[in-house]
Amino acid sequence: MPRKLLLLPPLSACSALRVPRARPAASPAMNAARTGYRVFSANSTAACTELAKRITERLGAELGKSVVYQETNGETRVEIKESVRGQDIFIIQTIPSLYCFRDVNTAVMELLIMAYALKTACARNIIGVIPYFPYSKQSKMRKRGSIVCKLLASMLAKAGLTHIITMDLHQKEIQGFFSFPVDNLRASPFLLQYIQEEIPNYRNAVIVAKSPDAAKRAQSYAERLRLGLAVIHGEAQCTELDMDDGRHSPPMVKNATVHPGLELPLMMAKEKPPITVVGDVGGRIAIIVDDIIDDVESFVAAAEILKERGAYKIYVMATHGILSAEAPRLIEESPIDEVVVTNTVPHELQKLQCPKIKTVDISLILSEAIRRIHNGESMAYLFRNITVDD
């Protein structure tokens, strides 16, 4: 039986039947780069937009067009003046001090309203850049109070934020309050660089913690600079750990009935020892480090003690310089030689009143964080050699 030959179609026909190849899926980083991004400032005052302008200059971008103002009845109004559909939006909000004629609650409302406006305008991602996170000191229960920091985290998520960039949270556990990613950057590399470049003979310095609570931060500075460490301890200090934390609530009631046979051990009252300086500061430069400088009475008291112990020059360094109330005057009249803070909080008016206040710019790390998040790159580079105690 003759075999049947299988006739193949001509080459031209085969090319017509060719199945198209599937294109490789684009990576998330490629998609992010295609969508574009915008940087907005959540307030319109000149003092508070300074940091936003520095960041956009480093990014080579323009500040987003928006209007933020207070109406005559006290309400905050936000208007977005350009399309943000499908884009990554970064909102820079600096929390003002009292010298900026705006309060922290106004700044929070500006951030919430702008985030919600961008959400309703179909922005792809909304990232809040909040160098100093407000209400961070209210992150623990105090008697019958509330954990306000947790409330603020929930409000930001509800308003539409999907990510936050901040710096040196007062308590690192605050990151657990959020339901979205939080990048807690560190200002210590910039402050360490300032010590090495701007403080003459810094090798003769000693790092000082003004209370035992700040000892870990001071130890980190001392180890990185290969310097000595001193800790101030005694009755002149008043720390958060000494405040009521809610475990005595409800208060004790006189003649309260106690279950028979139930005898709880009585907690002894705290009694602080006389103030002492653990460590040698005689004939050396004292550098006090902390995360926030708000009311400066405790720093002035620490400087006076260090001066009595023989320190011939005293520096105070911190990330957030709120410097409220009479801080500029108190610093000027104190034995403190220089106060070094970053520009996470605007304090130009305080610097006019007190020339001892110096500023370190941290816009570089914030702009790099924005670039990496938009391009889908790893943030690990910004946390090199950073430990839990930093």
# chains A, B, ... in the order shown; residues from 1 in each chain; ligands from 1
$ residues_around --residues "region 67-70 of chain A" --least-positions-apart "6" --cutoff "10 Å" --atoms "only C-alpha atoms" --output "VMD selection string"
chain A and resid 41 to 45 76 to 81 106 110 113 to 114
$ write_last_selection --atoms "N, CA and C atoms" --output "CSV table (one decimal), in the first residue's frame"
chain,number,residue,atom,x,y,z
A,41,SER,N,4.0,70.5,48.9
A,41,SER,CA,4.1,71.0,50.3
A,41,SER,C,2.7,71.2,50.9
A,42,ALA,N,2.5,70.6,52.1
A,42,ALA,CA,1.2,70.7,52.7
A,42,ALA,C,0.9,72.0,53.4
A,43,ASN,N,1.8,73.0,53.3
A,43,ASN,CA,1.5,74.3,53.8
A,43,ASN,C,2.1,75.3,52.9
A,44,SER,N,1.7,76.6,53.0
A,44,SER,CA,2.1,77.6,52.1
A,44,SER,C,3.0,78.7,52.8
A,45,THR,N,3.3,78.5,54.1
A,45,THR,CA,4.1,79.5,54.7
A,45,THR,C,5.6,79.4,54.3
A,76,THR,N,-9.5,74.8,57.3
A,76,THR,CA,-8.4,74.7,56.4
A,76,THR,C,-8.9,74.2,55.0
A,77,ARG,N,-8.4,74.9,54.0
A,77,ARG,CA,-8.9,74.5,52.6
A,77,ARG,C,-7.6,74.2,51.8
A,78,VAL,N,-7.7,73.1,51.0
A,78,VAL,CA,-6.7,72.7,50.2
A,78,VAL,C,-7.2,72.5,48.8
A,79,GLU,N,-6.5,73.1,47.8
A,79,GLU,CA,-6.9,73.0,46.4
A,79,GLU,C,-5.7,72.5,45.6
A,80,ILE,N,-5.9,71.4,44.8
A,80,ILE,CA,-4.8,70.8,44.0
A,80,ILE,C,-5.0,71.4,42.6
A,81,LYS,N,-3.9,72.0,42.0
A,81,LYS,CA,-4.0,72.8,40.8
A,81,LYS,C,-3.5,72.1,39.6
A,106,THR,N,-3.1,72.5,63.3
A,106,THR,CA,-3.3,73.0,61.9
A,106,THR,C,-2.5,72.2,60.9
A,110,GLU,N,-3.9,70.1,57.7
A,110,GLU,CA,-3.4,70.3,56.3
A,110,GLU,C,-3.0,69.0,55.7
A,113,ILE,N,-6.2,66.7,55.0
A,113,ILE,CA,-7.0,67.2,53.9
A,113,ILE,C,-6.3,67.1,52.6
A,114,MET,N,-5.0,67.4,52.5
A,114,MET,CA,-4.3,67.2,51.2
A,114,MET,C,-4.3,65.8,50.8
$ residues_around --residues "region 130-134 of chain A" --least-positions-apart "2" --cutoff "6 Å" --atoms "only C-alpha atoms" --output "number ranges by chain"
A: 93, 128, 136, 166-167, 344
$ write_last_selection --atoms "all heavy atoms" --output "CSV table (one decimal), in the first residue's frame"
chain,number,residue,atom,x,y,z
A,93,GLN,N,5.4,67.6,54.9
A,93,GLN,CA,4.8,68.4,55.9
A,93,GLN,C,5.8,68.6,57.1
A,93,GLN,O,6.1,67.7,57.7
A,93,GLN,CB,3.5,67.8,56.4
A,93,GLN,CG,2.8,68.5,57.5
A,93,GLN,CD,2.3,69.9,57.1
A,93,GLN,OE1,3.1,70.7,56.6
A,93,GLN,NE2,1.1,70.2,57.3
A,128,GLY,N,3.6,60.2,52.7
A,128,GLY,CA,3.8,61.4,53.5
A,128,GLY,C,5.3,61.5,54.0
A,128,GLY,O,5.9,60.5,54.5
A,136,SER,N,4.5,62.4,69.0
A,136,SER,CA,5.3,61.2,69.2
A,136,SER,C,5.6,60.9,70.7
A,136,SER,O,5.9,59.8,71.1
A,136,SER,CB,6.6,61.2,68.4
A,136,SER,OG,7.3,62.4,68.8
A,166,THR,N,9.8,59.3,57.8
A,166,THR,CA,10.0,60.2,58.9
A,166,THR,C,11.5,60.1,59.4
A,166,THR,O,12.3,59.4,58.8
A,166,THR,CB,9.0,59.8,60.0
A,166,THR,OG1,9.1,60.8,61.1
A,166,THR,CG2,9.3,58.5,60.6
A,167,MET,N,11.8,60.7,60.5
A,167,MET,CA,13.2,60.7,61.0
A,167,MET,C,13.2,60.7,62.5
A,167,MET,O,12.6,61.5,63.1
A,167,MET,CB,13.9,62.0,60.4
A,167,MET,CG,15.4,62.0,60.8
A,167,MET,SD,16.3,63.2,59.8
A,167,MET,CE,16.5,62.3,58.3
A,344,THR,N,14.6,69.5,60.4
A,344,THR,CA,13.3,68.8,60.4
A,344,THR,C,12.2,69.7,60.8
A,344,THR,O,11.0,69.5,60.4
A,344,THR,CB,13.3,67.6,61.3
A,344,THR,OG1,13.7,68.0,62.6
A,344,THR,CG2,14.4,66.6,60.8
$ atom_distance --atom1 "CA of Met155 (chain A)" --atom2 "CA of Asn105 (chain A)"
12.9 Å
$ residues_around --residues "Gly64 (chain A)" --least-positions-apart "5" --cutoff "6 Å" --atoms "only C-alpha atoms" --output "PyMOL selection string"
chain A and resi 38-40
$ closest_residue --among "A:Asp290, A:Glu326, A:Asp390, A:Asp103" --to "Ala209 (chain A)" --atoms "only C-alpha atoms"
A:Asp290
$ closest_residue --among "A:His320, A:Ala286, A:Ile164, A:Lys137" --to "Ile370 (chain A)" --atoms "only C-alpha atoms"
A:Ile164
$ atom_distance --atom1 "CA of Lys358 (chain A)" --atom2 "CA of Arg186 (chain A)"
18.4 Å
$ residues_around --residues "Lys210 (chain A)" --least-positions-apart "5" --cutoff "9 Å" --atoms "only C-alpha atoms" --output "list of chain:residue names"
A:Ala215, A:Ala230, A:Val231, A:Ile232, A:His233, A:Gln237, A:Ile288, A:Val289, A:Asp290, A:Ser298, A:Phe299, A:Ala302, A:Ala303
$ residues_around --residues "Arg54 (chain A)" --least-positions-apart "3" --cutoff "12 Å" --atoms "only C-alpha atoms" --output "PDB file with all heavy atoms, in the first residue's frame"
ATOM      1  N   VAL A  39       5.860  66.244  43.932  1.00  0.00           N
ATOM      2  CA  VAL A  39       6.175  66.573  45.316  1.00  0.00           C
ATOM      3  C   VAL A  39       5.380  67.813  45.694  1.00  0.00           C
ATOM      4  O   VAL A  39       5.491  68.857  45.036  1.00  0.00           O
ATOM      5  CB  VAL A  39       7.681  66.825  45.512  1.00  0.00           C
ATOM      6  CG1 VAL A  39       7.972  67.181  46.963  1.00  0.00           C
ATOM      7  CG2 VAL A  39       8.489  65.607  45.095  1.00  0.00           C
ATOM      8  N   SER A  41       3.959  70.472  48.920  1.00  0.00           N
ATOM      9  CA  SER A  41       4.123  70.962  50.287  1.00  0.00           C
ATOM     10  C   SER A  41       2.740  71.157  50.887  1.00  0.00           C
ATOM     11  O   SER A  41       1.871  71.772  50.266  1.00  0.00           O
ATOM     12  CB  SER A  41       4.898  72.285  50.309  1.00  0.00           C
ATOM     13  OG  SER A  41       4.984  72.790  51.622  1.00  0.00           O
ATOM     14  N   CYS A  48       7.929  77.115  56.427  1.00  0.00           N
ATOM     15  CA  CYS A  48       7.690  75.676  56.392  1.00  0.00           C
ATOM     16  C   CYS A  48       7.904  75.070  55.006  1.00  0.00           C
ATOM     17  O   CYS A  48       8.000  73.858  54.879  1.00  0.00           O
ATOM     18  CB  CYS A  48       6.277  75.372  56.877  1.00  0.00           C
ATOM     19  SG  CYS A  48       5.993  75.783  58.612  1.00  0.00           S
ATOM     20  N   THR A  49       7.953  75.878  53.957  1.00  0.00           N
ATOM     21  CA  THR A  49       8.202  75.353  52.617  1.00  0.00           C
ATOM     22  C   THR A  49       9.686  75.328  52.265  1.00  0.00           C
ATOM     23  O   THR A  49      10.064  74.844  51.200  1.00  0.00           O
ATOM     24  CB  THR A  49       7.459  76.190  51.560  1.00  0.00           C
ATOM     25  OG1 THR A  49       7.845  77.565  51.705  1.00  0.00           O
ATOM     26  CG2 THR A  49       5.951  76.058  51.730  1.00  0.00           C
ATOM     27  N   GLU A  50      10.542  75.832  53.149  1.00  0.00           N
ATOM     28  CA  GLU A  50      11.972  75.888  52.872  1.00  0.00           C
ATOM     29  C   GLU A  50      12.544  74.494  52.654  1.00  0.00           C
ATOM     30  O   GLU A  50      13.310  74.254  51.713  1.00  0.00           O
ATOM     31  CB  GLU A  50      12.698  76.592  54.016  1.00  0.00           C
ATOM     32  CG  GLU A  50      14.210  76.695  53.837  1.00  0.00           C
ATOM     33  CD  GLU A  50      14.594  77.550  52.643  1.00  0.00           C
ATOM     34  OE1 GLU A  50      13.796  78.435  52.262  1.00  0.00           O
ATOM     35  OE2 GLU A  50      15.692  77.333  52.099  1.00  0.00           O
ATOM     36  N   LEU A  51      12.179  73.540  53.526  1.00  0.00           N
ATOM     37  CA  LEU A  51      12.690  72.174  53.384  1.00  0.00           C
ATOM     38  C   LEU A  51      12.173  71.537  52.099  1.00  0.00           C
ATOM     39  O   LEU A  51      12.918  70.838  51.400  1.00  0.00           O
ATOM     40  CB  LEU A  51      12.296  71.334  54.592  1.00  0.00           C
ATOM     41  CG  LEU A  51      12.766  69.877  54.576  1.00  0.00           C
ATOM     42  CD1 LEU A  51      14.280  69.782  54.509  1.00  0.00           C
ATOM     43  CD2 LEU A  51      12.234  69.128  55.802  1.00  0.00           C
ATOM     44  N   GLU A  57      14.845  70.786  44.779  1.00  0.00           N
ATOM     45  CA  GLU A  57      16.052  71.200  44.065  1.00  0.00           C
ATOM     46  C   GLU A  57      17.019  70.031  43.893  1.00  0.00           C
ATOM     47  O   GLU A  57      17.634  69.859  42.835  1.00  0.00           O
ATOM     48  CB  GLU A  57      16.734  72.337  44.822  1.00  0.00           C
ATOM     49  CG  GLU A  57      16.017  73.674  44.700  1.00  0.00           C
ATOM     50  CD  GLU A  57      16.668  74.747  45.546  1.00  0.00           C
ATOM     51  OE1 GLU A  57      17.710  74.447  46.184  1.00  0.00           O
ATOM     52  OE2 GLU A  57      16.155  75.887  45.569  1.00  0.00           O
ATOM     53  N   ARG A  58      17.156  69.211  44.920  1.00  0.00           N
ATOM     54  CA  ARG A  58      18.036  68.044  44.820  1.00  0.00           C
ATOM     55  C   ARG A  58      17.477  67.007  43.855  1.00  0.00           C
ATOM     56  O   ARG A  58      18.230  66.299  43.185  1.00  0.00           O
ATOM     57  CB  ARG A  58      18.237  67.425  46.199  1.00  0.00           C
ATOM     58  CG  ARG A  58      19.056  68.292  47.153  1.00  0.00           C
ATOM     59  CD  ARG A  58      19.324  67.565  48.463  1.00  0.00           C
ATOM     60  NE  ARG A  58      20.094  68.371  49.397  1.00  0.00           N
ATOM     61  CZ  ARG A  58      21.419  68.458  49.397  1.00  0.00           C
ATOM     62  NH1 ARG A  58      22.126  67.777  48.494  1.00  0.00           N
ATOM     63  NH2 ARG A  58      22.053  69.202  50.285  1.00  0.00           N
ATOM     64  N   LEU A  59      16.157  66.913  43.773  1.00  0.00           N
ATOM     65  CA  LEU A  59      15.535  65.952  42.867  1.00  0.00           C
ATOM     66  C   LEU A  59      15.467  66.470  41.441  1.00  0.00           C
ATOM     67  O   LEU A  59      15.178  65.696  40.515  1.00  0.00           O
ATOM     68  CB  LEU A  59      14.116  65.613  43.354  1.00  0.00           C
ATOM     69  CG  LEU A  59      14.008  64.813  44.649  1.00  0.00           C
ATOM     70  CD1 LEU A  59      12.557  64.772  45.117  1.00  0.00           C
ATOM     71  CD2 LEU A  59      14.525  63.390  44.445  1.00  0.00           C
ATOM     72  N   GLY A  60      15.700  67.754  41.242  1.00  0.00           N
ATOM     73  CA  GLY A  60      15.554  68.330  39.915  1.00  0.00           C
ATOM     74  C   GLY A  60      14.112  68.400  39.469  1.00  0.00           C
ATOM     75  O   GLY A  60      13.819  68.303  38.279  1.00  0.00           O
ATOM     76  N   ALA A  61      13.213  68.562  40.430  1.00  0.00           N
ATOM     77  CA  ALA A  61      11.779  68.611  40.135  1.00  0.00           C
ATOM     78  C   ALA A  61      11.212  69.944  40.609  1.00  0.00           C
ATOM     79  O   ALA A  61      11.857  70.703  41.331  1.00  0.00           O
ATOM     80  CB  ALA A  61      11.057  67.452  40.813  1.00  0.00           C
ATOM     81  N   GLU A  62       9.989  70.203  40.182  1.00  0.00           N
ATOM     82  CA  GLU A  62       9.287  71.400  40.618  1.00  0.00           C
ATOM     83  C   GLU A  62       8.280  71.031  41.695  1.00  0.00           C
ATOM     84  O   GLU A  62       7.729  69.927  41.709  1.00  0.00           O
ATOM     85  CB  GLU A  62       8.566  72.064  39.446  1.00  0.00           C
ATOM     86  CG  GLU A  62       9.488  72.624  38.379  1.00  0.00           C
ATOM     87  CD  GLU A  62       8.719  73.329  37.283  1.00  0.00           C
ATOM     88  OE1 GLU A  62       7.468  73.324  37.340  1.00  0.00           O
ATOM     89  OE2 GLU A  62       9.365  73.880  36.372  1.00  0.00           O
ATOM     90  N   LEU A  63       8.050  71.969  42.595  1.00  0.00           N
ATOM     91  CA  LEU A  63       7.062  71.754  43.640  1.00  0.00           C
ATOM     92  C   LEU A  63       5.671  71.747  43.030  1.00  0.00           C
ATOM     93  O   LEU A  63       5.349  72.573  42.169  1.00  0.00           O
ATOM     94  CB  LEU A  63       7.177  72.864  44.686  1.00  0.00           C
ATOM     95  CG  LEU A  63       6.669  72.565  46.096  1.00  0.00           C
ATOM     96  CD1 LEU A  63       7.390  71.370  46.693  1.00  0.00           C
ATOM     97  CD2 LEU A  63       6.869  73.794  46.986  1.00  0.00           C
ATOM     98  N   ILE A  92       5.206  66.739  51.595  1.00  0.00           N
ATOM     99  CA  ILE A  92       6.175  67.152  52.615  1.00  0.00           C
ATOM    100  C   ILE A  92       5.461  68.063  53.601  1.00  0.00           C
ATOM    101  O   ILE A  92       4.941  69.116  53.231  1.00  0.00           O
ATOM    102  CB  ILE A  92       7.372  67.869  51.981  1.00  0.00           C
ATOM    103  CG1 ILE A  92       8.072  66.947  50.975  1.00  0.00           C
ATOM    104  CG2 ILE A  92       8.359  68.317  53.060  1.00  0.00           C
ATOM    105  CD1 ILE A  92       9.174  67.613  50.197  1.00  0.00           C
ATOM    106  N   ASN A 343      17.183  70.563  60.242  1.00  0.00           N
ATOM    107  CA  ASN A 343      16.063  71.383  59.767  1.00  0.00           C
ATOM    108  C   ASN A 343      14.792  70.571  59.565  1.00  0.00           C
ATOM    109  O   ASN A 343      14.002  70.861  58.665  1.00  0.00           O
ATOM    110  CB  ASN A 343      16.448  72.111  58.479  1.00  0.00           C
ATOM    111  CG  ASN A 343      16.923  71.168  57.382  1.00  0.00           C
ATOM    112  OD1 ASN A 343      17.241  70.007  57.632  1.00  0.00           O
ATOM    113  ND2 ASN A 343      16.980  71.673  56.161  1.00  0.00           N
ATOM    114  N   THR A 344      14.574  69.536  60.402  1.00  0.00           N
ATOM    115  CA  THR A 344      13.297  68.821  60.368  1.00  0.00           C
ATOM    116  C   THR A 344      12.157  69.722  60.836  1.00  0.00           C
ATOM    117  O   THR A 344      11.007  69.525  60.436  1.00  0.00           O
ATOM    118  CB  THR A 344      13.347  67.577  61.271  1.00  0.00           C
ATOM    119  OG1 THR A 344      13.720  67.980  62.609  1.00  0.00           O
ATOM    120  CG2 THR A 344      14.357  66.564  60.756  1.00  0.00           C
ATOM    121  N   ASP A 361      21.628  70.497  57.535  1.00  0.00           N
ATOM    122  CA  ASP A 361      20.640  70.196  56.496  1.00  0.00           C
ATOM    123  C   ASP A 361      20.546  68.688  56.274  1.00  0.00           C
ATOM    124  O   ASP A 361      21.554  68.013  56.063  1.00  0.00           O
ATOM    125  CB  ASP A 361      21.030  70.897  55.193  1.00  0.00           C
ATOM    126  CG  ASP A 361      20.015  70.667  54.090  1.00  0.00           C
ATOM    127  OD1 ASP A 361      18.837  70.426  54.410  1.00  0.00           O
ATOM    128  OD2 ASP A 361      20.406  70.719  52.908  1.00  0.00           O
ATOM    129  N   ILE A 362      19.312  68.151  56.316  1.00  0.00           N
ATOM    130  CA  ILE A 362      19.104  66.712  56.089  1.00  0.00           C
ATOM    131  C   ILE A 362      18.250  66.460  54.834  1.00  0.00           C
ATOM    132  O   ILE A 362      17.700  65.378  54.658  1.00  0.00           O
ATOM    133  CB  ILE A 362      18.460  66.028  57.316  1.00  0.00           C
ATOM    134  CG1 ILE A 362      17.299  66.876  57.895  1.00  0.00           C
ATOM    135  CG2 ILE A 362      19.487  65.803  58.396  1.00  0.00           C
ATOM    136  CD1 ILE A 362      16.007  66.719  57.222  1.00  0.00           C
ATOM    137  N   SER A 363      18.144  67.470  53.959  1.00  0.00           N
ATOM    138  CA  SER A 363      17.344  67.294  52.750  1.00  0.00           C
ATOM    139  C   SER A 363      17.934  66.233  51.822  1.00  0.00           C
ATOM    140  O   SER A 363      17.217  65.635  51.019  1.00  0.00           O
ATOM    141  CB  SER A 363      17.210  68.621  52.002  1.00  0.00           C
ATOM    142  OG  SER A 363      18.481  69.108  51.603  1.00  0.00           O
ATOM    143  N   LEU A 364      19.243  65.988  51.917  1.00  0.00           N
ATOM    144  CA  LEU A 364      19.887  65.006  51.053  1.00  0.00           C
ATOM    145  C   LEU A 364      19.299  63.616  51.243  1.00  0.00           C
ATOM    146  O   LEU A 364      18.936  62.939  50.275  1.00  0.00           O
ATOM    147  CB  LEU A 364      21.391  64.983  51.326  1.00  0.00           C
ATOM    148  CG  LEU A 364      22.203  63.905  50.585  1.00  0.00           C
ATOM    149  CD1 LEU A 364      22.131  64.120  49.080  1.00  0.00           C
ATOM    150  CD2 LEU A 364      23.651  63.905  51.058  1.00  0.00           C
ATOM    151  N   ILE A 365      19.174  63.171  52.490  1.00  0.00           N
ATOM    152  CA  ILE A 365      18.687  61.813  52.735  1.00  0.00           C
ATOM    153  C   ILE A 365      17.190  61.709  52.440  1.00  0.00           C
ATOM    154  O   ILE A 365      16.712  60.666  51.974  1.00  0.00           O
ATOM    155  CB  ILE A 365      19.006  61.380  54.186  1.00  0.00           C
ATOM    156  CG1 ILE A 365      18.753  59.878  54.355  1.00  0.00           C
ATOM    157  CG2 ILE A 365      18.197  62.182  55.192  1.00  0.00           C
ATOM    158  CD1 ILE A 365      19.237  59.327  55.677  1.00  0.00           C
ATOM    159  N   LEU A 366      16.434  62.785  52.659  1.00  0.00           N
ATOM    160  CA  LEU A 366      15.008  62.749  52.347  1.00  0.00           C
ATOM    161  C   LEU A 366      14.778  62.686  50.841  1.00  0.00           C
ATOM    162  O   LEU A 366      13.906  61.933  50.367  1.00  0.00           O
ATOM    163  CB  LEU A 366      14.317  63.977  52.939  1.00  0.00           C
ATOM    164  CG  LEU A 366      14.261  64.049  54.470  1.00  0.00           C
ATOM    165  CD1 LEU A 366      13.655  65.378  54.911  1.00  0.00           C
ATOM    166  CD2 LEU A 366      13.475  62.891  55.044  1.00  0.00           C
ATOM    167  N   SER A 367      15.538  63.438  50.074  1.00  0.00           N
ATOM    168  CA  SER A 367      15.390  63.404  48.617  1.00  0.00           C
ATOM    169  C   SER A 367      15.802  62.043  48.062  1.00  0.00           C
ATOM    170  O   SER A 367      15.172  61.530  47.122  1.00  0.00           O
ATOM    171  CB  SER A 367      16.218  64.518  47.970  1.00  0.00           C
ATOM    172  OG  SER A 367      17.589  64.377  48.297  1.00  0.00           O
TER     173      SER A 367
END
$ closest_atom_pairs --of "region 153-202 of chain A" --to "region 332-339 of chain A" --cutoff "12 Å" --atoms "only C-alpha atoms" --output "CSV"
residue,atom,partner,partner_atom,distance
A:Leu191,CA,A:Val339,CA,11.4
A:Tyr194,CA,A:Val339,CA,11.8
A:Ile195,CA,A:Glu338,CA,11.6
A:Glu198,CA,A:Glu338,CA,11.1
A:Ile199,CA,A:Glu338,CA,10.1
$ select_by_dssp --residues "region 5-230 of chain A" --states "strand (DSSP E or B)" --output "PyMOL selection string"
chain A and resi 37-41+63+66-70+76-80+88-92+125-130+163-167+182-185+205-209+228-230
$ select_by_dssp --residues "region 47-289 of chain A" --states "alpha helix (DSSP H)" --output "VMD selection string"
chain A and resid 47 to 59 104 to 120 148 to 159 188 to 198 215 to 225
$ closest_residue --among "A:Arg85, A:Arg226, A:Arg309, A:His163" --to "Val281 (chain A)" --atoms "only C-alpha atoms"
A:Arg309
$ closest_residue --among "A:Leu262, A:Val84, A:Ala187, A:Leu323" --to "Ala123 (chain A)" --atoms "only C-alpha atoms"
A:Val84
$ atom_distance --atom1 "CA of Glu271 (chain A)" --atom2 "CA of Glu304 (chain A)"
22.5 Å
